[in-house]
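Report on the structure given below.
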Amino acid sequence: MKTVDVSKKPDSERKAVALGRVYTTPDVIELLKEREIEKGDVLEISKAVGLLGAKQVPLYFPFCHPLLITDIEVDIKVFDIGILEISAIVKNVGKTGVEIEAITAVSLTALNIYDMLKRYDRWIKIGEIQLVEKSGGKSGYVKREFEFEGRVLKVAKSGERGLKEPQEEIKLIENFGVEGDVHAGTEREVSVFPLEVLRLVPSQVLRKINPLEMTENILMVGIPDYLLLPGKKLKIGKTLLEVTEIGKEEYVDSGKPYVVSRWGRFCKVIKGGTVEPGDSVKLLL
């Protein structure tokens, strides 16, 4: 057994960014926000565990060298639907990078969240722990562009409220919406429907609707609906959208609007262009 000899490698400024998620229930998130978790402040304690974990990497992994870490930042975003998204940024100046340190910070933060919340949800899941960005060293700067990729199934628009007419393509206009659509220029510039949300629809409702009936501008498949959270960005073809809202404040109790009013996504246009069936949909990191 032997470690890699890095004595001849030049020192350089290095950085690594990692990401991971903890999945629980909306009820547990509510307890967390109300500070009703018995063990204390879940977010701050878990971030401290992540910070300490990044510094202890050589104790866990025999082939990792002790490093002069110059900065560590751990952040946790909380989403009401039951997701805690963890990110860690680690920097150093040295001969080797800090990818393992960043991934360890995320992993131990997630494990501590699990420990503090397991009393309230025994089926908590940890997932998608990954390196998303690194810089420094021989390979320089590299970044993972997207996390999941799907496809556009249909596009549609209408000058009036209600069902939309399928189109061969639609034109998205920056900070405006779909050209010729009734919602263009409103807060809900573009409506997007991920087919995956049909798993949430009660069977008695699902039997009475046509999932392909268009009440939204873009019907897509392949992106996990639970990750289409406000603030997330979608690269659709050459366009760029940002999710602004999930569902509406008023639910509709029948037809396709039953689904859209609860789980449809509304987006704003960051970069315009045309969108057509078959276009790639990428969930950006």
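By order of appearance in the structure tokens: chains A, B, ..., then residues from 1 within every chain, and ligands from 1 in the order shown.
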Counting only C-alpha atoms, which residues of stretch 167-209 of chain A fall within 6 Å of stretch 258-270 of chain A, and what is the closest atom pair for each with its distance in Å at one decimal, ordered by chain and rising number, as CSV?
residue,atom,partner,partner_atom,distance
A:Glu174,CA,A:Val269,CA,4.9
A:Asn175,CA,A:Val269,CA,5.3
A:Arg188,CA,A:Phe266,CA,5.5
A:Glu189,CA,A:Lys268,CA,5.3
A:Val190,CA,A:Cys267,CA,5.1
A:Ser191,CA,A:Phe266,CA,4.6
A:Val192,CA,A:Arg265,CA,5.0
A:Phe193,CA,A:Gly264,CA,5.1
Note to self: Could you list, as a ChimeraX atom specification, every residue within 12 Å of stretch 156-173 of chain A, counting only C-alpha atoms and ignoring same-chain residues fewer than 5 positions away?
What the structure shows: /A:178-185,189-193,210,212-220,236-241,255-257,260,267-279
Item checked: Who sits within 10 Å of stretch 19-29 of chain A, only C-alpha atoms, same chain under 5 positions skipped, as number ranges by chain -> A: 34-37, 74-89, 102-103, 105-107, 109-111, 113-114, 117-133, 226, 285
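With only C-alpha atoms as the basis for measurement, A:Ile223 is the residue among A:Met1, A:Ile69, A:Val90, A:Ile223 that approaches A:Val152 most closely.
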Notebook entry, point to check: So, counting only C-alpha atoms, which residue among A:Glu99, A:Lys33, A:Asp41, A:Pro202 is closest to A:Val142?
Noted result: A:Glu99
Next item on the list: Find the residues near A:Pro58: any atom within 12 Å, counting only C-alpha atoms, skip ones fewer than 2 places away on the same chain, and give them as a list of chain:residue names.
Entry: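 Skipping anything fewer than 2 positions along the chain leaves A:Thr3, A:Gly53, A:Ala54, A:Lys55, A:Gln56, A:Tyr60, A:Phe61, A:Pro62, A:Phe63, A:Cys64, A:His65, A:Pro66, A:Leu67, A:Leu68, A:Val98, A:Ile100, A:Glu101, A:Thr104.
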What does the file look like for those residues with C-alpha atoms, as a PDB file, in the first residue's frame?
ATOM      1  CA  THR A   3       0.010   6.902  -1.343  1.00  0.00           C
ATOM      2  CA  GLY A  53     -15.859  16.672   8.501  1.00  0.00           C
ATOM      3  CA  ALA A  54     -14.052  18.418   5.655  1.00  0.00           C
ATOM      4  CA  LYS A  55     -11.079  19.022   7.949  1.00  0.00           C
ATOM      5  CA  GLN A  56     -10.882  15.367   9.016  1.00  0.00           C
ATOM      6  CA  TYR A  60     -11.230   8.674   7.005  1.00  0.00           C
ATOM      7  CA  PHE A  61      -9.433   8.040   3.708  1.00  0.00           C
ATOM      8  CA  PRO A  62      -5.871   6.683   3.795  1.00  0.00           C
ATOM      9  CA  PHE A  63      -4.906   7.968   0.342  1.00  0.00           C
ATOM     10  CA  CYS A  64      -5.913  11.578   1.036  1.00  0.00           C
ATOM     11  CA  HIS A  65      -3.106  13.886   2.160  1.00  0.00           C
ATOM     12  CA  PRO A  66      -3.457  16.462   4.954  1.00  0.00           C
ATOM     13  CA  LEU A  67      -4.144  19.804   3.275  1.00  0.00           C
ATOM     14  CA  LEU A  68      -3.992  23.478   4.146  1.00  0.00           C
ATOM     15  CA  VAL A  98     -10.260  19.335  -2.287  1.00  0.00           C
ATOM     16  CA  ILE A 100     -13.117  14.671  -1.388  1.00  0.00           C
ATOM     17  CA  GLU A 101     -13.269  17.370   1.274  1.00  0.00           C
ATOM     18  CA  THR A 104     -17.350  14.698   2.678  1.00  0.00           C
TER      19      THR A 104
END
Item checked: Given only C-alpha atoms as the counted atoms, nearest of A:Lys2, A:Glu30, A:Val221, A:Pro211 to A:Leu153 ->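 Among the listed residues, the smallest separation from A:Leu153 belongs to A:Val221.
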Who sits within 10 Å of A:Glu149, only C-alpha atoms, same chain under 6 positions skipped, as an mmCIF file with C-alpha atoms, in the first residue's frame:
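Result file is out_32.cif:
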data_model
loop_
_atom_site.group_PDB
_atom_site.id
_atom_site.type_symbol
_atom_site.label_atom_id
_atom_site.label_comp_id
_atom_site.auth_asym_id
_atom_site.auth_seq_id
_atom_site.Cartn_x
_atom_site.Cartn_y
_atom_site.Cartn_z
ATOM 1 C CA VAL A 221 -40.722 14.253 -19.628
ATOM 2 C CA GLY A 222 -37.499 13.067 -18.006
ATOM 3 C CA ILE A 223 -36.883 15.591 -15.212
ATOM 4 C CA PRO A 224 -37.815 14.498 -11.659
ATOM 5 C CA LEU A 234 -34.178 24.775 -17.239
ATOM 6 C CA LYS A 235 -32.287 24.921 -20.509
ATOM 7 C CA ILE A 236 -34.863 23.994 -23.153
ATOM 8 C CA SER A 280 -33.639 18.714 -24.998
ATOM 9 C CA VAL A 281 -34.608 19.829 -21.480
ATOM 10 C CA LYS A 282 -31.718 20.135 -19.027
ATOM 11 C CA LEU A 283 -32.019 20.808 -15.304
ATOM 12 C CA LEU A 284 -29.026 23.036 -14.674
#
Item checked: Atom pair atom CA of A:Gly137 / atom CA of A:Asn92: separation (Å) -> 11.1 Å
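All residues in stretch 145-197 of chain A with a DSSP state of strand (DSSP E or B), computed from the backbone, read Phe146, Glu147, Phe148, Glu149, Gly150, Arg151, Val152, Leu153, Lys154, Val155, Ala156, Lys157, Glu165, Pro166, Gln167, Ile170, Lys171, Leu172, Ile173, Gly177, Val178, Val190, Ser191, Val192, Phe193 and Pro194 of chain A.
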For the selection just defined, write its residues with N, CA and C atoms to a file, as a PDB file, in the first residue's frame.
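Now in out-v4.pdb:
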ATOM      1  N   PHE A 146     -25.307  20.109 -16.173  1.00  0.00           N
ATOM      2  CA  PHE A 146     -26.683  19.806 -15.805  1.00  0.00           C
ATOM      3  C   PHE A 146     -26.738  18.508 -15.014  1.00  0.00           C
ATOM      4  N   GLU A 147     -27.872  18.328 -14.331  1.00  0.00           N
ATOM      5  CA  GLU A 147     -28.040  17.164 -13.462  1.00  0.00           C
ATOM      6  C   GLU A 147     -28.921  16.092 -14.091  1.00  0.00           C
ATOM      7  N   PHE A 148     -29.994  16.503 -14.756  1.00  0.00           N
ATOM      8  CA  PHE A 148     -30.891  15.567 -15.434  1.00  0.00           C
ATOM      9  C   PHE A 148     -31.246  16.130 -16.804  1.00  0.00           C
ATOM     10  N   GLU A 149     -31.555  15.221 -17.744  1.00  0.00           N
ATOM     11  CA  GLU A 149     -31.937  15.654 -19.082  1.00  0.00           C
ATOM     12  C   GLU A 149     -33.224  14.954 -19.502  1.00  0.00           C
ATOM     13  N   GLY A 150     -34.154  15.719 -20.046  1.00  0.00           N
ATOM     14  CA  GLY A 150     -35.401  15.166 -20.546  1.00  0.00           C
ATOM     15  C   GLY A 150     -35.682  15.657 -21.953  1.00  0.00           C
ATOM     16  N   ARG A 151     -36.958  15.595 -22.361  1.00  0.00           N
ATOM     17  CA  ARG A 151     -37.343  15.992 -23.707  1.00  0.00           C
ATOM     18  C   ARG A 151     -38.691  16.729 -23.677  1.00  0.00           C
ATOM     19  N   VAL A 152     -38.846  17.636 -24.625  1.00  0.00           N
ATOM     20  CA  VAL A 152     -40.133  18.292 -24.840  1.00  0.00           C
ATOM     21  C   VAL A 152     -41.023  17.343 -25.640  1.00  0.00           C
ATOM     22  N   LEU A 153     -42.241  17.099 -25.157  1.00  0.00           N
ATOM     23  CA  LEU A 153     -43.192  16.238 -25.863  1.00  0.00           C
ATOM     24  C   LEU A 153     -44.125  17.042 -26.763  1.00  0.00           C
ATOM     25  N   LYS A 154     -44.646  18.149 -26.242  1.00  0.00           N
ATOM     26  CA  LYS A 154     -45.574  18.978 -27.003  1.00  0.00           C
ATOM     27  C   LYS A 154     -45.407  20.431 -26.581  1.00  0.00           C
ATOM     28  N   VAL A 155     -45.766  21.338 -27.486  1.00  0.00           N
ATOM     29  CA  VAL A 155     -45.815  22.764 -27.148  1.00  0.00           C
ATOM     30  C   VAL A 155     -47.156  23.314 -27.619  1.00  0.00           C
ATOM     31  N   ALA A 156     -47.625  24.363 -26.956  1.00  0.00           N
ATOM     32  CA  ALA A 156     -48.940  24.904 -27.295  1.00  0.00           C
ATOM     33  C   ALA A 156     -49.044  26.355 -26.845  1.00  0.00           C
ATOM     34  N   LYS A 157     -50.036  27.047 -27.378  1.00  0.00           N
ATOM     35  CA  LYS A 157     -50.337  28.411 -26.946  1.00  0.00           C
ATOM     36  C   LYS A 157     -51.787  28.725 -27.274  1.00  0.00           C
ATOM     37  N   GLU A 165     -53.833  25.372 -28.075  1.00  0.00           N
ATOM     38  CA  GLU A 165     -53.697  24.679 -29.347  1.00  0.00           C
ATOM     39  C   GLU A 165     -52.259  24.198 -29.541  1.00  0.00           C
ATOM     40  N   PRO A 166     -52.057  22.891 -29.793  1.00  0.00           N
ATOM     41  CA  PRO A 166     -50.701  22.392 -30.069  1.00  0.00           C
ATOM     42  C   PRO A 166     -50.081  23.125 -31.258  1.00  0.00           C
ATOM     43  N   GLN A 167     -48.776  23.351 -31.169  1.00  0.00           N
ATOM     44  CA  GLN A 167     -48.042  24.076 -32.202  1.00  0.00           C
ATOM     45  C   GLN A 167     -46.836  23.255 -32.651  1.00  0.00           C
ATOM     46  N   ILE A 170     -43.052  27.110 -30.530  1.00  0.00           N
ATOM     47  CA  ILE A 170     -43.468  28.356 -29.894  1.00  0.00           C
ATOM     48  C   ILE A 170     -42.244  29.237 -29.726  1.00  0.00           C
ATOM     49  N   LYS A 171     -42.468  30.539 -29.699  1.00  0.00           N
ATOM     50  CA  LYS A 171     -41.373  31.485 -29.535  1.00  0.00           C
ATOM     51  C   LYS A 171     -41.431  32.081 -28.140  1.00  0.00           C
ATOM     52  N   LEU A 172     -40.336  31.926 -27.385  1.00  0.00           N
ATOM     53  CA  LEU A 172     -40.240  32.500 -26.048  1.00  0.00           C
ATOM     54  C   LEU A 172     -39.517  33.834 -26.133  1.00  0.00           C
ATOM     55  N   ILE A 173     -40.073  34.834 -25.474  1.00  0.00           N
ATOM     56  CA  ILE A 173     -39.495  36.171 -25.473  1.00  0.00           C
ATOM     57  C   ILE A 173     -39.017  36.502 -24.064  1.00  0.00           C
ATOM     58  N   GLY A 177     -42.600  35.984 -22.121  1.00  0.00           N
ATOM     59  CA  GLY A 177     -43.335  34.733 -22.194  1.00  0.00           C
ATOM     60  C   GLY A 177     -43.453  34.209 -23.604  1.00  0.00           C
ATOM     61  N   VAL A 178     -44.541  33.484 -23.867  1.00  0.00           N
ATOM     62  CA  VAL A 178     -44.760  32.868 -25.173  1.00  0.00           C
ATOM     63  C   VAL A 178     -45.473  33.859 -26.086  1.00  0.00           C
ATOM     64  N   VAL A 190     -44.577  31.531 -18.586  1.00  0.00           N
ATOM     65  CA  VAL A 190     -44.609  30.259 -19.312  1.00  0.00           C
ATOM     66  C   VAL A 190     -45.091  29.167 -18.366  1.00  0.00           C
ATOM     67  N   SER A 191     -46.021  28.345 -18.814  1.00  0.00           N
ATOM     68  CA  SER A 191     -46.471  27.205 -18.013  1.00  0.00           C
ATOM     69  C   SER A 191     -45.815  25.933 -18.540  1.00  0.00           C
ATOM     70  N   VAL A 192     -45.290  25.144 -17.609  1.00  0.00           N
ATOM     71  CA  VAL A 192     -44.568  23.914 -17.944  1.00  0.00           C
ATOM     72  C   VAL A 192     -45.183  22.771 -17.154  1.00  0.00           C
ATOM     73  N   PHE A 193     -45.394  21.638 -17.824  1.00  0.00           N
ATOM     74  CA  PHE A 193     -45.972  20.486 -17.137  1.00  0.00           C
ATOM     75  C   PHE A 193     -45.056  19.281 -17.265  1.00  0.00           C
ATOM     76  N   PRO A 194     -44.447  18.836 -16.143  1.00  0.00           N
ATOM     77  CA  PRO A 194     -43.642  17.614 -16.168  1.00  0.00           C
ATOM     78  C   PRO A 194     -44.548  16.393 -16.043  1.00  0.00           C
TER      79      PRO A 194
END
Checklist line | Pick from A:Gly140, A:Gly40, A:Gly94, A:Gly247, whichever lies nearest to A:Asp11 using only C-alpha atoms | finding: A:Gly94
Check: Pick the closest to A:Leu200 from A:Val6, A:Lys47, A:Leu52, A:Asp225: which is it, counting only C-alpha atoms?
Finding: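 Closest candidate: A:Asp225.
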Note to self: DSSP on the backbone, alpha helix (DSSP H) only: what residues of stretch 74-191 of chain A does that give? Format it as a ChimeraX atom specification.
What the structure shows: /A:99-117
Include C-alpha atoms and write out the residues we just selected as a PDB file, in the first residue's frame.
ATOM      1  CA  GLU A  99     -12.943  17.333  -4.105  1.00  0.00           C
ATOM      2  CA  ILE A 100     -13.117  14.671  -1.388  1.00  0.00           C
ATOM      3  CA  GLU A 101     -13.269  17.370   1.274  1.00  0.00           C
ATOM      4  CA  ALA A 102     -16.261  19.030  -0.399  1.00  0.00           C
ATOM      5  CA  ILE A 103     -18.073  15.724  -0.924  1.00  0.00           C
ATOM      6  CA  THR A 104     -17.350  14.698   2.678  1.00  0.00           C
ATOM      7  CA  ALA A 105     -18.719  18.003   3.971  1.00  0.00           C
ATOM      8  CA  VAL A 106     -21.985  17.393   2.107  1.00  0.00           C
ATOM      9  CA  SER A 107     -22.168  13.739   3.160  1.00  0.00           C
ATOM     10  CA  LEU A 108     -21.661  14.377   6.868  1.00  0.00           C
ATOM     11  CA  THR A 109     -24.021  17.338   6.832  1.00  0.00           C
ATOM     12  CA  ALA A 110     -26.658  15.040   5.351  1.00  0.00           C
ATOM     13  CA  LEU A 111     -25.961  12.288   7.872  1.00  0.00           C
ATOM     14  CA  ASN A 112     -26.329  14.695  10.774  1.00  0.00           C
ATOM     15  CA  ILE A 113     -29.623  15.953   9.361  1.00  0.00           C
ATOM     16  CA  TYR A 114     -30.737  12.323   9.190  1.00  0.00           C
ATOM     17  CA  ASP A 115     -29.709  11.754  12.807  1.00  0.00           C
ATOM     18  CA  MET A 116     -31.557  14.805  14.088  1.00  0.00           C
ATOM     19  CA  LEU A 117     -34.735  14.160  12.101  1.00  0.00           C
TER      20      LEU A 117
END
Note to self: Using Å and a single decimal, report how far atom CA of A:Arg144 sits from atom CA of A:Leu195.
What the structure shows: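 Taking atom CA of A:Leu195 and atom CA of A:Arg144, their separation equals 25.1 Å.
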